[in-house]
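Contents: one structure, followed by commentary.
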Amino acid sequence: MTSRVLKGLLGLGVLGMVLVGTVSTATGQVLRSSPRFPTDTSLVTIVYDASQGNGALAGVAPPIYAHTGVITNLSTSPTDWKYVRGSWGTTNAPLMTSLGNNLYSISYVPRTFYNATANPPGVPAAETIRSLAFVFRNTAGTIVGRAADGSDLYLPLYAAGQLHTAILNPSGNNSIVQPGSNLTFVGAASQVCSLSLRVNGAVVATAVGDSLGYVLQFPQAGNYDLILEAQVASGSPIVRDTTRLVALGNQAAQPLPPGTVEGVNYINDSTVVLALYAPLKQHAFVLGPFNDWSPDGTYRMNRTADSAWYWLRLEGLTPGQEIPYQYLVNGSQRVADPFAIKILDPSNDRFIPATTYPNLLTYPTGTSGIVSVMQPGAPAYAWQNTGFQRPDPRKLVTYELHVRDFVGSRRYKHVMDSLGYLQSLGVNCLSLMPVNEFEGNDSWGYNPSFHLAADKAYGTENDLKALIDSCHGRGIAVVLDVVMNHAFGQSPLAQLWWDAANNRPAANSPYFNPVPKHDFNVGNDFNHESPATRRLLNRVVRHWLMEYRVDGYRFDLSKGFTQTNTLGNTGAWGN
């Protein structure tokens, strides 16, 4: 697949051109800095806008604290924080100064501010600070300000004395525009230079200075690729920053293809249909390496007449190749596919040893948040024990097993080594504690985030299948512990309909109750009478039976599968 970028100017018009002074802020941004191009040894003032991003701290009374660290050249990934300041849930953290109107600021020199307890204090001189990392919180840490997609916030640092340039407006959160609308472009450079703005390849504005402002029109639907170029002198290197805008045209309703379900629908080894159930949303795009993780009109998802389903057919995929992808919903929310069977987690995957999960796909650059993975034409697991006969349910000898606690390596492969021992005890049923993707890598699994994806912390998908296959070869049934009472905040099912002000599912969520219906709930309580939740439960049950050939389920907290409200009345719950 290739991104079909519209060539030419698309009738781009000039409403007015302004040359502005030195720019240190841009509207609509979660983080702003002064100076605009901070270095590790310069005093930088950082302004956090609590009304932007996920908006969780909007209207929350001070104090507000920064939970902050740095990304350095020694970080193992772009999200590997180092030299974190303060302790979570305490006042031992950098205090933000309230500026009013949901704005908060803090000023410091990055090189000496972090790793303050070292002797001498500060980040070691041999270590390069690439960016500053933030989330913001109330005192208890129960309300957390993040990016719109739930990811952490990052502010890049720049090498002193070099030319740098950046597009300040539009920012990543306003990449969707309407045909006929206007937008003020704002670009900046770290020093006086020649600046030029290209739109779909054509130069539309130039200036000499450290900033450039330009008012654009979008006369018709399509992609508008913006490139800001900066050059100190003729013949010197050109520094660029790029972004893409998409002007949305009218979209005729398209019925969901027959038989399509949420998630990836594999049509053949090179064709898929992606489907997202997202009522009350305005538009959705598929993002991936095929469009540089930027919205592209070619990958705008079709919408059904009831405005509840979004879908897109992708063809020409390479058979057997793993392809990372996300959904961009309403132009601001990047989420993984809620029905993905494999995900990439930028925060936790780096802690999974290669011996546990060899050749794990590298987290892609150009995006943020959890990423889903599809693989058309994936090689099928070759099951060996296809004639397994399940033991009599009335005569089960069940061993409940948590992979992490049972073997020191925490690997499915090494659980297999102990099946002879379990068999010698008379065990004929292995009950696995939850193995679907949960938050973090170190858990009993009762904090699920993706109900159809096997957690990579214990090994590959085929490792889990081999364990189940080996159990069947020894006459041992496998029962899977699944958690359908709730899901935690990493789940896109929660993120897509979220009440940030109250830090809970929104009242219009098709999956969750805003307030739990019973006192024993953890996470976000599923609305068990919702058709969306019922479809999810049916998919979960079918998926693990068909794809992994488990023999049954242990449903965690099954008494919570109700909409009868017993909150605050444990006696009624007991009845």
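Letters A, B, ... go to the chains of the structure tokens in the order shown; residues in each chain start at 1; ligands are counted from 1 in the same order.
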List every residue of segment 395-481 of chain A that DSSP, applied to the backbone, labels as strand (DSSP E or B), and write the result as an MDAnalysis selection string.
chainID A and resid 398:401 429:432 436:438 448:454 477:481
Kindly give the distance, in Å, that separates atom CA of Ser418 of chain A and atom CA of Val541 of chain A, rounded to a single decimal.
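Atom CA of Val541 of chain A lies 27.2 Å from atom CA of Ser418 of chain A.
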Using 12 Å as the limit and counting only C-alpha atoms, can you tabulate each residue of segment 231-265 of chain A that touches segment 293-298 of chain A, with its shortest atom-to-atom distance in Å and the two atoms involved, as a tab-separated table?
```
residue	atom	partner	partner_atom	distance
A:Thr242	CA	A:Ser294	CA	10.8
A:Thr243	CA	A:Ser294	CA	8.1
A:Arg244	CA	A:Ser294	CA	6.8
A:Leu245	CA	A:Pro295	CA	7.4
A:Val246	CA	A:Asp296	CA	6.4
A:Ala247	CA	A:Gly297	CA	8.1
A:Leu248	CA	A:Gly297	CA	7.6
A:Gly249	CA	A:Gly297	CA	9.2
A:Asn250	CA	A:Gly297	CA	11.7
A:Gln251	CA	A:Gly297	CA	11.1
```
Could you state the separation of atom CA of Leu74 of chain A and atom CA of Tyr154 of chain A in Å, given to one decimal place?
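A separation of 16.5 Å between them.
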What are the closest atom pairs, with distances in Å to one decimal, for each residue of segment 202-235 of chain A lying within 12 Å of segment 163-167 of chain A, using only C-alpha atoms, rows by chain and rising residue number, as a tab-separated table?
```
residue	atom	partner	partner_atom	distance
A:Gly209	CA	A:Thr165	CA	11.7
A:Asp210	CA	A:Thr165	CA	8.9
A:Ser211	CA	A:Thr165	CA	9.0
A:Leu212	CA	A:Ile167	CA	9.5
A:Gly213	CA	A:Ile167	CA	10.2
A:Tyr214	CA	A:Ile167	CA	11.6
A:Leu226	CA	A:Ile167	CA	9.0
A:Ile227	CA	A:Ile167	CA	8.5
A:Leu228	CA	A:Ile167	CA	6.8
A:Glu229	CA	A:Thr165	CA	7.5
A:Ala230	CA	A:Thr165	CA	6.5
A:Gln231	CA	A:Leu163	CA	8.0
A:Val232	CA	A:Leu163	CA	7.7
A:Ala233	CA	A:Leu163	CA	11.2
```
Can you pull out the residues contacting segment 457-472 of chain A? Cut-off 9 Å, using only C-alpha atoms, and skip same-chain residues under 5 positions away; I want them as a tab-separated table (two decimals) with N, CA and C atoms, in the first residue's frame.
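Below is the file result-v7.tsv, written as the result:
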```tsv
chain	number	residue	atom	x	y	z
A	342	LYS	N	-3.08	-9.12	19.24
A	342	LYS	CA	-1.70	-8.84	19.64
A	342	LYS	C	-1.52	-7.34	19.68
A	349	ASP	N	6.73	-3.32	26.94
A	349	ASP	CA	7.35	-4.36	26.13
A	349	ASP	C	8.86	-4.41	26.30
A	351	PHE	N	10.55	-4.45	28.81
A	351	PHE	CA	10.96	-5.27	29.94
A	351	PHE	C	10.78	-6.76	29.68
A	352	ILE	N	10.28	-7.12	28.51
A	352	ILE	CA	10.09	-8.53	28.17
A	352	ILE	C	11.37	-9.06	27.55
A	353	PRO	N	12.02	-10.06	28.16
A	353	PRO	CA	13.29	-10.56	27.60
A	353	PRO	C	13.09	-11.19	26.23
A	355	THR	N	14.43	-13.78	25.27
A	355	THR	CA	14.30	-15.24	25.45
A	355	THR	C	12.84	-15.63	25.68
A	356	THR	N	12.05	-14.70	26.23
A	356	THR	CA	10.63	-14.97	26.44
A	356	THR	C	9.83	-14.77	25.17
A	357	TYR	N	10.09	-13.68	24.47
A	357	TYR	CA	9.37	-13.39	23.22
A	357	TYR	C	10.40	-12.99	22.16
A	358	PRO	N	10.95	-13.97	21.43
A	358	PRO	CA	11.95	-13.64	20.41
A	358	PRO	C	11.33	-12.86	19.25
A	360	LEU	N	10.26	-9.93	18.75
A	360	LEU	CA	9.08	-9.09	18.95
A	360	LEU	C	9.20	-7.86	18.06
A	381	TYR	N	-0.65	-22.62	13.55
A	381	TYR	CA	-0.01	-23.54	14.48
A	381	TYR	C	-0.41	-24.97	14.12
A	383	TRP	N	-1.33	-28.23	15.32
A	383	TRP	CA	-1.76	-28.95	16.51
A	383	TRP	C	-1.41	-30.44	16.39
A	384	GLN	N	-0.89	-31.00	17.49
A	384	GLN	CA	-0.45	-32.39	17.49
A	384	GLN	C	-1.49	-33.33	18.08
A	385	ASN	N	-2.18	-32.90	19.08
A	385	ASN	CA	-3.07	-33.79	19.84
A	385	ASN	C	-4.52	-33.43	19.54
A	386	THR	N	-4.93	-33.71	18.31
A	386	THR	CA	-6.25	-33.32	17.84
A	386	THR	C	-7.35	-34.27	18.31
A	387	GLY	N	-6.97	-35.42	18.82
A	387	GLY	CA	-7.98	-36.40	19.25
A	387	GLY	C	-8.25	-36.37	20.74
A	388	PHE	N	-7.89	-35.26	21.40
A	388	PHE	CA	-8.04	-35.18	22.86
A	388	PHE	C	-9.49	-35.34	23.29
A	389	GLN	N	-9.70	-36.20	24.29
A	389	GLN	CA	-11.01	-36.39	24.89
A	389	GLN	C	-11.01	-35.78	26.27
A	390	ARG	N	-11.89	-34.82	26.50
A	390	ARG	CA	-11.91	-34.14	27.79
A	390	ARG	C	-12.32	-35.10	28.90
A	403	VAL	N	1.35	-18.45	35.84
A	403	VAL	CA	2.61	-18.68	35.15
A	403	VAL	C	3.76	-17.96	35.86
A	404	ARG	N	3.54	-16.73	36.25
A	404	ARG	CA	4.61	-15.95	36.90
A	404	ARG	C	5.10	-16.60	38.18
A	409	SER	N	11.22	-18.57	35.44
A	409	SER	CA	11.43	-17.90	34.15
A	409	SER	C	10.18	-17.17	33.67
A	410	ARG	N	9.02	-17.49	34.27
A	410	ARG	CA	7.73	-16.90	33.90
A	410	ARG	C	7.37	-17.22	32.44
A	411	ARG	N	7.70	-18.40	31.98
A	411	ARG	CA	7.49	-18.73	30.57
A	411	ARG	C	6.61	-19.96	30.42
A	412	TYR	N	5.73	-19.89	29.40
A	412	TYR	CA	4.90	-21.05	29.08
A	412	TYR	C	5.76	-22.29	28.83
A	413	LYS	N	6.88	-22.09	28.16
A	413	LYS	CA	7.73	-23.23	27.79
A	413	LYS	C	8.17	-24.02	29.00
A	415	VAL	N	6.62	-24.07	31.95
A	415	VAL	CA	5.47	-24.74	32.56
A	415	VAL	C	5.31	-26.12	31.93
A	416	MET	N	5.54	-26.20	30.62
A	416	MET	CA	5.45	-27.48	29.92
A	416	MET	C	6.38	-28.52	30.53
A	419	LEU	N	4.72	-30.57	33.37
A	419	LEU	CA	3.45	-31.27	33.20
A	419	LEU	C	3.51	-32.70	33.70
A	428	ASN	N	-5.80	-33.65	36.24
A	428	ASN	CA	-6.30	-33.82	34.88
A	428	ASN	C	-6.97	-32.56	34.34
A	429	CYS	N	-6.78	-31.43	35.05
A	429	CYS	CA	-7.31	-30.15	34.59
A	429	CYS	C	-6.40	-29.03	35.08
A	430	LEU	N	-5.84	-28.29	34.15
A	430	LEU	CA	-4.98	-27.15	34.48
A	430	LEU	C	-5.80	-25.87	34.32
A	435	VAL	N	-4.39	-14.92	31.24
A	435	VAL	CA	-3.22	-14.77	30.38
A	435	VAL	C	-3.48	-13.77	29.25
A	437	GLU	N	-3.96	-9.92	27.71
A	437	GLU	CA	-3.19	-8.72	28.00
A	437	GLU	C	-3.78	-7.96	29.19
A	440	GLY	N	0.68	-3.62	32.57
A	440	GLY	CA	2.00	-3.98	33.07
A	440	GLY	C	2.36	-5.39	32.68
A	441	ASN	N	3.50	-5.86	33.21
A	441	ASN	CA	3.95	-7.23	32.94
A	441	ASN	C	3.91	-8.11	34.18
A	442	ASP	N	3.63	-7.54	35.32
A	442	ASP	CA	3.76	-8.25	36.59
A	442	ASP	C	2.43	-8.19	37.32
A	477	ALA	N	-7.03	-31.39	30.66
A	477	ALA	CA	-7.83	-30.31	30.11
A	477	ALA	C	-7.27	-28.97	30.57
A	478	VAL	N	-7.57	-27.92	29.82
A	478	VAL	CA	-7.12	-26.58	30.18
A	478	VAL	C	-8.33	-25.66	30.31
A	547	GLU	N	-9.37	-20.51	18.75
A	547	GLU	CA	-7.99	-20.20	18.38
A	547	GLU	C	-6.98	-20.93	19.26
A	548	TYR	N	-7.29	-21.11	20.53
A	548	TYR	CA	-6.33	-21.73	21.46
A	548	TYR	C	-6.79	-23.10	21.96
A	549	ARG	N	-8.00	-23.48	21.63
A	549	ARG	CA	-8.55	-24.81	21.94
A	549	ARG	C	-8.59	-25.08	23.45
A	550	VAL	N	-8.86	-24.03	24.24
A	550	VAL	CA	-9.07	-24.28	25.66
A	550	VAL	C	-10.36	-25.10	25.82
```
